[in-house]
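**Student:** Enclosed is the structure file final.pdb (PDB, C-alpha atoms, pLDDT in the B column).
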MODEL        1
ATOM      1  CA  GLN A  11      18.830-250.051-145.496  1.00 88.00           C
ATOM      2  CA  VAL A  12      22.423-250.598-144.479  1.00 94.00           C
ATOM      3  CA  GLN A  13      24.378-252.862-146.799  1.00 97.00           C
ATOM      4  CA  LEU A  14      27.874-254.268-146.465  1.00 98.00           C
ATOM      5  CA  VAL A  15      29.775-255.609-149.450  1.00 98.00           C
ATOM      6  CA  GLU A  16      33.093-257.382-149.085  1.00 98.00           C
ATOM      7  CA  SER A  17      35.706-257.653-151.803  1.00 98.00           C
ATOM      8  CA  GLY A  18      39.337-258.561-152.232  1.00 98.00           C
ATOM      9  CA  GLY A  19      39.237-262.278-151.579  1.00 97.00           C
ATOM     10  CA  GLY A  20      40.951-264.796-153.781  1.00 97.00           C
ATOM     11  CA  LEU A  21      43.477-267.593-154.045  1.00 98.00           C
ATOM     12  CA  VAL A  22      46.945-266.975-152.659  1.00 98.00           C
ATOM     13  CA  GLN A  23      49.932-269.116-151.785  1.00 98.00           C
ATOM     14  CA  ALA A  24      50.978-269.566-148.187  1.00 98.00           C
ATOM     15  CA  GLY A  25      53.041-266.602-147.079  1.00 98.00           C
ATOM     16  CA  GLY A  26      51.230-264.271-149.419  1.00 98.00           C
ATOM     17  CA  SER A  27      49.004-261.290-148.709  1.00 98.00           C
ATOM     18  CA  LEU A  28      45.507-260.119-149.433  1.00 98.00           C
ATOM     19  CA  ARG A  29      43.628-256.960-148.583  1.00 98.00           C
ATOM     20  CA  LEU A  30      39.930-257.282-147.965  1.00 98.00           C
ATOM     21  CA  SER A  31      37.591-254.331-148.200  1.00 98.00           C
ATOM     22  CA  CYS A  32      34.109-253.885-146.836  1.00 98.00           C
ATOM     23  CA  ALA A  33      32.073-251.061-148.310  1.00 98.00           C
ATOM     24  CA  VAL A  34      29.143-249.785-146.287  1.00 97.00           C
ATOM     25  CA  SER A  35      26.179-248.141-147.979  1.00 95.00           C
ATOM     26  CA  GLY A  36      22.808-246.880-146.839  1.00 93.00           C
ATOM     27  CA  ARG A  37      24.195-244.663-144.106  1.00 91.00           C
ATOM     28  CA  THR A  38      27.518-243.407-142.866  1.00 90.00           C
ATOM     29  CA  MET A  39      29.768-245.979-141.256  1.00 91.00           C
ATOM     30  CA  SER A  40      30.833-243.393-138.713  1.00 92.00           C
ATOM     31  CA  GLY A  41      29.621-244.476-135.315  1.00 90.00           C
ATOM     32  CA  TYR A  42      29.569-248.173-136.123  1.00 95.00           C
ATOM     33  CA  THR A  43      32.015-250.611-134.614  1.00 97.00           C
ATOM     34  CA  MET A  44      33.181-252.895-137.407  1.00 97.00           C
ATOM     35  CA  GLY A  45      34.283-256.493-137.201  1.00 98.00           C
ATOM     36  CA  TRP A  46      35.544-259.293-139.398  1.00 98.00           C
ATOM     37  CA  PHE A  47      34.526-262.901-138.959  1.00 98.00           C
ATOM     38  CA  ARG A  48      35.396-265.994-140.932  1.00 98.00           C
ATOM     39  CA  GLN A  49      33.928-269.409-141.528  1.00 98.00           C
ATOM     40  CA  ALA A  50      35.991-272.328-142.710  1.00 97.00           C
ATOM     41  CA  PRO A  51      34.376-275.372-144.355  1.00 92.00           C
ATOM     42  CA  GLY A  52      32.650-277.520-141.766  1.00 94.00           C
ATOM     43  CA  LYS A  53      33.350-275.085-138.958  1.00 96.00           C
ATOM     44  CA  GLU A  54      31.448-272.481-137.002  1.00 97.00           C
ATOM     45  CA  ARG A  55      31.789-268.824-137.909  1.00 97.00           C
ATOM     46  CA  GLU A  56      34.524-267.330-135.762  1.00 98.00           C
ATOM     47  CA  PHE A  57      35.407-263.814-134.754  1.00 98.00           C
ATOM     48  CA  VAL A  58      38.687-262.514-136.198  1.00 98.00           C
ATOM     49  CA  VAL A  59      39.124-258.821-135.403  1.00 98.00           C
ATOM     50  CA  VAL A  60      37.194-255.690-134.445  1.00 98.00           C
ATOM     51  CA  ILE A  61      37.809-251.959-134.652  1.00 97.00           C
ATOM     52  CA  SER A  62      35.879-249.527-132.487  1.00 95.00           C
ATOM     53  CA  TRP A  63      33.643-246.830-133.920  1.00 92.00           C
ATOM     54  CA  ASN A  64      36.308-244.166-133.343  1.00 90.00           C
ATOM     55  CA  ALA A  65      39.215-246.393-134.409  1.00 86.00           C
ATOM     56  CA  GLY A  66      40.615-246.006-130.930  1.00 88.00           C
ATOM     57  CA  SER A  67      40.573-249.690-130.084  1.00 94.00           C
ATOM     58  CA  THR A  68      41.129-252.958-131.867  1.00 97.00           C
ATOM     59  CA  TYR A  69      41.101-256.570-130.806  1.00 97.00           C
ATOM     60  CA  TYR A  70      42.501-259.559-132.680  1.00 98.00           C
ATOM     61  CA  ILE A  71      42.298-263.245-132.047  1.00 98.00           C
ATOM     62  CA  ASP A  72      45.675-264.710-131.167  1.00 98.00           C
ATOM     63  CA  SER A  73      46.057-266.698-134.364  1.00 97.00           C
ATOM     64  CA  VAL A  74      46.112-263.550-136.528  1.00 98.00           C
ATOM     65  CA  LYS A  75      47.970-261.127-134.276  1.00 98.00           C
ATOM     66  CA  GLY A  76      50.996-259.692-136.004  1.00 97.00           C
ATOM     67  CA  ARG A  77      49.754-260.856-139.408  1.00 98.00           C
ATOM     68  CA  PHE A  78      46.380-259.131-139.889  1.00 98.00           C
ATOM     69  CA  THR A  79      45.635-255.429-139.563  1.00 98.00           C
ATOM     70  CA  ILE A  80      42.210-253.855-139.484  1.00 98.00           C
ATOM     71  CA  SER A  81      41.666-250.234-140.432  1.00 97.00           C
ATOM     72  CA  ARG A  82      38.807-247.971-141.364  1.00 97.00           C
ATOM     73  CA  ASP A  83      38.272-244.953-143.559  1.00 96.00           C
ATOM     74  CA  ASP A  84      35.022-243.320-142.561  1.00 95.00           C
ATOM     75  CA  ALA A  85      35.292-240.796-145.381  1.00 96.00           C
ATOM     76  CA  LYS A  86      35.114-243.714-147.801  1.00 96.00           C
ATOM     77  CA  ASN A  87      32.677-245.711-145.678  1.00 97.00           C
ATOM     78  CA  THR A  88      35.049-248.648-145.910  1.00 97.00           C
ATOM     79  CA  VAL A  89      36.798-250.964-143.493  1.00 98.00           C
ATOM     80  CA  TYR A  90      39.853-252.937-144.507  1.00 98.00           C
ATOM     81  CA  LEU A  91      41.569-256.125-143.441  1.00 98.00           C
ATOM     82  CA  GLN A  92      45.190-256.417-144.491  1.00 98.00           C
ATOM     83  CA  MET A  93      46.242-260.040-144.239  1.00 98.00           C
ATOM     84  CA  ASN A  94      49.925-260.908-144.453  1.00 98.00           C
ATOM     85  CA  SER A  95      51.854-264.145-144.015  1.00 98.00           C
ATOM     86  CA  LEU A  96      48.749-266.086-144.864  1.00 98.00           C
ATOM     87  CA  LYS A  97      48.493-269.702-143.848  1.00 98.00           C
ATOM     88  CA  PRO A  98      46.318-272.534-145.166  1.00 97.00           C
ATOM     89  CA  ASP A  99      44.407-272.379-141.864  1.00 97.00           C
ATOM     90  CA  ASP A 100      43.253-268.892-142.847  1.00 98.00           C
ATOM     91  CA  THR A 101      41.194-270.381-145.659  1.00 98.00           C
ATOM     92  CA  ALA A 102      37.581-269.358-145.083  1.00 98.00           C
ATOM     93  CA  VAL A 103      34.776-267.120-146.172  1.00 98.00           C
ATOM     94  CA  TYR A 104      35.407-263.748-144.573  1.00 98.00           C
ATOM     95  CA  TYR A 105      32.495-261.602-143.460  1.00 98.00           C
ATOM     96  CA  CYS A 106      32.410-258.031-142.273  1.00 98.00           C
ATOM     97  CA  ALA A 107      29.824-256.901-139.790  1.00 98.00           C
ATOM     98  CA  ALA A 108      28.635-253.658-138.222  1.00 97.00           C
ATOM     99  CA  ASP A 109      27.548-253.001-134.658  1.00 97.00           C
ATOM    100  CA  ARG A 110      25.292-249.987-134.110  1.00 94.00           C
ATOM    101  CA  TRP A 111      25.843-249.720-130.347  1.00 89.00           C
ATOM    102  CA  ARG A 112      28.615-247.210-129.759  1.00 81.00           C
ATOM    103  CA  TYR A 113      28.992-247.360-126.034  1.00 82.00           C
ATOM    104  CA  ARG A 114      29.563-250.974-125.155  1.00 86.00           C
ATOM    105  CA  SER A 115      31.855-251.548-122.210  1.00 87.00           C
ATOM    106  CA  MET A 116      33.820-254.074-124.252  1.00 92.00           C
ATOM    107  CA  LEU A 117      34.384-254.534-127.960  1.00 95.00           C
ATOM    108  CA  PRO A 118      31.890-256.938-129.532  1.00 96.00           C
ATOM    109  CA  VAL A 119      33.351-260.339-130.373  1.00 96.00           C
ATOM    110  CA  THR A 120      30.246-262.483-130.862  1.00 96.00           C
ATOM    111  CA  SER A 121      28.012-262.693-133.899  1.00 96.00           C
ATOM    112  CA  ALA A 122      24.938-261.794-131.861  1.00 96.00           C
ATOM    113  CA  GLU A 123      26.342-258.356-131.071  1.00 96.00           C
ATOM    114  CA  TYR A 124      26.424-257.286-134.697  1.00 97.00           C
ATOM    115  CA  ASP A 125      23.471-255.860-136.541  1.00 96.00           C
ATOM    116  CA  TYR A 126      24.496-255.892-140.193  1.00 97.00           C
ATOM    117  CA  TRP A 127      26.442-258.416-142.238  1.00 98.00           C
ATOM    118  CA  GLY A 128      27.955-258.691-145.645  1.00 98.00           C
ATOM    119  CA  GLN A 129      27.659-261.704-147.934  1.00 97.00           C
ATOM    120  CA  GLY A 130      31.258-262.747-147.510  1.00 98.00           C
ATOM    121  CA  THR A 131      34.322-263.116-149.683  1.00 98.00           C
ATOM    122  CA  GLN A 132      36.263-266.344-150.162  1.00 98.00           C
ATOM    123  CA  VAL A 133      39.895-266.495-149.141  1.00 98.00           C
ATOM    124  CA  THR A 134      41.801-269.614-150.124  1.00 98.00           C
ATOM    125  CA  VAL A 135      45.413-270.132-149.082  1.00 98.00           C
ATOM    126  CA  SER A 136      47.262-272.940-150.806  1.00 97.00           C
ATOM    127  CA  SER A 137      50.196-274.718-149.211  1.00 93.00           C
TER     128      SER A 137
ENDMDL
END
Could you rewrite the structure in this file as structure tokens?
**Tutor:**
Amino acid sequence: QVQLVESGGGLVQAGGSLRLSCAVSGRTMSGYTMGWFRQAPGKEREFVVVISWNAGSTYYIDSVKGRFTISRDDAKNTVYLQMNSLKPDDTAVYYCAADRWRYRSMLPVTSAEYDYWGQGTQVTVSS
């Protein structure tokens, strides 16, 4: 049973930074494409960023480009999301997700393409 557990959320002032972690257990993360999504109060869950299974490709939504950085450490079975210059609009529950299919033609950016999900970690950015 693959499990994903996020950590690192919290309350931060605008302009501050947080580093989220997502620990994968149950099998090696190697071979999984990993993504981060977020859901703000009253809004749909939205895709934020993805990193390919071999870390060769990433894709960010425009609103976080230049501020967020995704990385992975397969030896530690962990994916990270470094978030800098945080804005109140970044306030949301952040979820990590894993996609088992290694050879997609394009990086997965929709919830339906992911097979495993964490429970989420709250990020609150105060103005």
**Student:** Which residues are near Thr38 (chain A)? Cut-off 8 Å, only C-alpha atoms, ignore same chain within fewer than 3 positions. Put them as a list in words.
**Tutor:** Val34, Ser35, Gly41, Asp84 and Asn87 of chain A
**Student:** Can you give me, as a ChimeraX atom specification, the residues this file yields under the PyMOL selection byres ((chain A and resi 46) around 8)?
**Tutor:** /A:44-45,47-48,57-60,91,104-107
**Student:** Just say which residues the PyMOL selection byres ((chain A and resi 69) around 8) picks in this file, as a list in words.
**Tutor:**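 Expected selection for the PyMOL selection byres ((chain A and resi 69) around 8) here is Val59, Val60, Ile61, Ser67, Thr68, Tyr70, Ile71 and Leu117 of chain A.
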**Student:** Which residues, protein or nucleic acid, reach to within 6 Å of (27.6, -254.7, -149.6) in the file's coordinates when using all atoms listed in the file, and can you give that as number ranges by chain?
**Tutor:** A: 13-15, 33, 128
**Student:** Quote the spacing between CA of Thr43 (chain A) and CA of Gly26 (chain A) in Å to one decimal place.
**Tutor:** 27.8 Å
**Student:** If I take CA of Trp127 (chain A) and CA of Trp111 (chain A), how far is one from the other in Å, to one decimal?
**Tutor:**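 Those two atoms sit 14.7 Å apart.
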**Student:** Please indicate the distance in Å from CA of Gln49 (chain A) to CA of Tyr113 (chain A), rounded to one decimal place.
**Tutor:**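 It comes out at 27.4 Å.
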**Student:** Looking at only C-alpha atoms, which of A:Ser31, A:Ser121, A:Ser137, A:Ser62 is the one that sits closest to Thr101 (chain A)?
**Tutor:**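 Counting only C-alpha atoms, the residue closest to Thr101 (chain A) is A:Ser137.
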**Student:** So which one's closest to Cys32 (chain A), A:Glu56, A:Val103, A:Gln129, A:Tyr124? Using all atoms listed in the file, please.
**Tutor:**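 Counting all atoms listed in the file, the residue closest to Cys32 (chain A) is A:Gln129.
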**Student:** Since I can't run it myself right now, could you work out what the PyMOL selection byres ((chain A and resi 74) around 10) selects here and report it as a list in words?
**Tutor:**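 Taken on the displayed file, the PyMOL selection byres ((chain A and resi 74) around 10) yields the residues Val58, Val59, Tyr70, Ile71, Asp72, Ser73, Lys75, Gly76, Arg77, Phe78, Thr79, Met93, Asn94, Ser95, Leu96, Lys97 and Asp100 of chain A.
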**Student:** Ranking A:Gln23, A:Ser17, A:Gly52, A:Asp83 by minimum distance to Ser40 (chain A) and counting only C-alpha atoms, which one comes first?
**Tutor:**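 Closest to Ser40 (chain A), using only C-alpha atoms: A:Asp83.
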**Student:** Please complete region 88-99 of chain A with all heavy atoms and give it back as a PDB file, keeping the file's coordinate frame.
**Tutor:**
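So rebuild05.pdb came out as:
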ATOM      1  N   THR A  88      34.439-247.354-145.619  1.00 97.00           N
ATOM      2  CA  THR A  88      35.049-248.648-145.910  1.00 97.00           C
ATOM      3  C   THR A  88      35.942-249.079-144.754  1.00 97.00           C
ATOM      4  O   THR A  88      36.665-248.263-144.183  1.00 97.00           O
ATOM      5  CB  THR A  88      35.872-248.588-147.209  1.00 97.00           C
ATOM      6  OG1 THR A  88      35.027-248.174-148.292  1.00 97.00           O
ATOM      7  CG2 THR A  88      36.465-249.947-147.550  1.00 97.00           C
ATOM      8  N   VAL A  89      35.886-250.364-144.464  1.00 98.00           N
ATOM      9  CA  VAL A  89      36.798-250.964-143.493  1.00 98.00           C
ATOM     10  C   VAL A  89      37.651-251.979-144.242  1.00 98.00           C
ATOM     11  O   VAL A  89      37.186-252.614-145.190  1.00 98.00           O
ATOM     12  CB  VAL A  89      36.029-251.611-142.324  1.00 98.00           C
ATOM     13  CG1 VAL A  89      35.144-252.748-142.789  1.00 98.00           C
ATOM     14  CG2 VAL A  89      36.973-252.078-141.238  1.00 98.00           C
ATOM     15  N   TYR A  90      38.888-252.094-143.813  1.00 98.00           N
ATOM     16  CA  TYR A  90      39.853-252.937-144.507  1.00 98.00           C
ATOM     17  C   TYR A  90      40.417-254.007-143.568  1.00 98.00           C
ATOM     18  O   TYR A  90      40.483-253.812-142.348  1.00 98.00           O
ATOM     19  CB  TYR A  90      41.010-252.096-145.037  1.00 98.00           C
ATOM     20  CG  TYR A  90      40.594-250.971-145.944  1.00 98.00           C
ATOM     21  CD1 TYR A  90      40.455-249.671-145.449  1.00 98.00           C
ATOM     22  CD2 TYR A  90      40.328-251.196-147.288  1.00 98.00           C
ATOM     23  CE1 TYR A  90      40.065-248.630-146.273  1.00 98.00           C
ATOM     24  CE2 TYR A  90      39.943-250.159-148.124  1.00 98.00           C
ATOM     25  CZ  TYR A  90      39.813-248.885-147.613  1.00 98.00           C
ATOM     26  OH  TYR A  90      39.419-247.857-148.437  1.00 98.00           O
ATOM     27  N   LEU A  91      40.844-255.096-144.172  1.00 98.00           N
ATOM     28  CA  LEU A  91      41.569-256.125-143.441  1.00 98.00           C
ATOM     29  C   LEU A  91      42.778-256.510-144.267  1.00 98.00           C
ATOM     30  O   LEU A  91      42.643-257.180-145.301  1.00 98.00           O
ATOM     31  CB  LEU A  91      40.695-257.345-143.163  1.00 98.00           C
ATOM     32  CG  LEU A  91      41.365-258.433-142.328  1.00 98.00           C
ATOM     33  CD1 LEU A  91      41.730-257.895-140.943  1.00 98.00           C
ATOM     34  CD2 LEU A  91      40.459-259.656-142.195  1.00 98.00           C
ATOM     35  N   GLN A  92      43.939-256.047-143.835  1.00 98.00           N
ATOM     36  CA  GLN A  92      45.190-256.417-144.491  1.00 98.00           C
ATOM     37  C   GLN A  92      45.667-257.713-143.878  1.00 98.00           C
ATOM     38  O   GLN A  92      45.852-257.803-142.663  1.00 98.00           O
ATOM     39  CB  GLN A  92      46.240-255.323-144.292  1.00 98.00           C
ATOM     40  CG  GLN A  92      47.593-255.644-144.909  1.00 98.00           C
ATOM     41  CD  GLN A  92      47.560-255.705-146.416  1.00 98.00           C
ATOM     42  OE1 GLN A  92      46.957-254.857-147.057  1.00 98.00           O
ATOM     43  NE2 GLN A  92      48.204-256.722-146.989  1.00 98.00           N
ATOM     44  N   MET A  93      45.849-258.717-144.719  1.00 98.00           N
ATOM     45  CA  MET A  93      46.242-260.040-144.239  1.00 98.00           C
ATOM     46  C   MET A  93      47.587-260.401-144.855  1.00 98.00           C
ATOM     47  O   MET A  93      47.696-260.529-146.077  1.00 98.00           O
ATOM     48  CB  MET A  93      45.175-261.074-144.627  1.00 98.00           C
ATOM     49  CG  MET A  93      43.781-260.722-144.143  1.00 98.00           C
ATOM     50  SD  MET A  93      42.566-262.029-144.442  1.00 98.00           S
ATOM     51  CE  MET A  93      42.588-262.092-146.221  1.00 98.00           C
ATOM     52  N   ASN A  94      48.583-260.541-144.020  1.00 98.00           N
ATOM     53  CA  ASN A  94      49.925-260.908-144.453  1.00 98.00           C
ATOM     54  C   ASN A  94      50.311-262.272-143.906  1.00 98.00           C
ATOM     55  O   ASN A  94      49.661-262.791-142.991  1.00 98.00           O
ATOM     56  CB  ASN A  94      50.933-259.857-143.972  1.00 98.00           C
ATOM     57  CG  ASN A  94      50.666-258.482-144.527  1.00 98.00           C
ATOM     58  OD1 ASN A  94      50.169-258.318-145.649  1.00 98.00           O
ATOM     59  ND2 ASN A  94      50.988-257.465-143.750  1.00 98.00           N
ATOM     60  N   SER A  95      51.350-262.839-144.475  1.00 98.00           N
ATOM     61  CA  SER A  95      51.854-264.145-144.015  1.00 98.00           C
ATOM     62  C   SER A  95      50.717-265.145-143.888  1.00 98.00           C
ATOM     63  O   SER A  95      50.593-265.849-142.885  1.00 98.00           O
ATOM     64  CB  SER A  95      52.571-263.981-142.666  1.00 98.00           C
ATOM     65  OG  SER A  95      53.637-263.065-142.773  1.00 98.00           O
ATOM     66  N   LEU A  96      49.922-265.215-144.907  1.00 98.00           N
ATOM     67  CA  LEU A  96      48.749-266.086-144.864  1.00 98.00           C
ATOM     68  C   LEU A  96      49.125-267.554-144.775  1.00 98.00           C
ATOM     69  O   LEU A  96      50.158-267.986-145.317  1.00 98.00           O
ATOM     70  CB  LEU A  96      47.872-265.830-146.095  1.00 98.00           C
ATOM     71  CG  LEU A  96      47.016-264.559-146.003  1.00 98.00           C
ATOM     72  CD1 LEU A  96      46.529-264.123-147.369  1.00 98.00           C
ATOM     73  CD2 LEU A  96      45.835-264.783-145.069  1.00 98.00           C
ATOM     74  N   LYS A  97      48.285-268.277-144.073  1.00 98.00           N
ATOM     75  CA  LYS A  97      48.493-269.702-143.848  1.00 98.00           C
ATOM     76  C   LYS A  97      47.287-270.472-144.395  1.00 98.00           C
ATOM     77  O   LYS A  97      46.192-269.919-144.485  1.00 98.00           O
ATOM     78  CB  LYS A  97      48.629-269.979-142.351  1.00 98.00           C
ATOM     79  CG  LYS A  97      49.710-269.195-141.651  1.00 98.00           C
ATOM     80  CD  LYS A  97      49.690-269.453-140.156  1.00 98.00           C
ATOM     81  CE  LYS A  97      50.755-268.657-139.439  1.00 98.00           C
ATOM     82  NZ  LYS A  97      50.717-268.907-137.968  1.00 98.00           N
ATOM     83  N   PRO A  98      47.475-271.743-144.716  1.00 97.00           N
ATOM     84  CA  PRO A  98      46.318-272.534-145.166  1.00 97.00           C
ATOM     85  C   PRO A  98      45.158-272.513-144.169  1.00 97.00           C
ATOM     86  O   PRO A  98      43.994-272.562-144.576  1.00 97.00           O
ATOM     87  CB  PRO A  98      46.912-273.932-145.325  1.00 97.00           C
ATOM     88  CG  PRO A  98      48.340-273.685-145.688  1.00 97.00           C
ATOM     89  CD  PRO A  98      48.748-272.483-144.869  1.00 97.00           C
ATOM     90  N   ASP A  99      45.459-272.430-142.888  1.00 97.00           N
ATOM     91  CA  ASP A  99      44.407-272.379-141.864  1.00 97.00           C
ATOM     92  C   ASP A  99      43.572-271.106-141.935  1.00 97.00           C
ATOM     93  O   ASP A  99      42.522-271.025-141.303  1.00 97.00           O
ATOM     94  CB  ASP A  99      45.004-272.496-140.458  1.00 97.00           C
ATOM     95  CG  ASP A  99      45.417-273.920-140.120  1.00 97.00           C
ATOM     96  OD1 ASP A  99      45.042-274.836-140.892  1.00 97.00           O
ATOM     97  OD2 ASP A  99      46.096-274.114-139.102  1.00 97.00           O
TER      98      ASP A  99
END
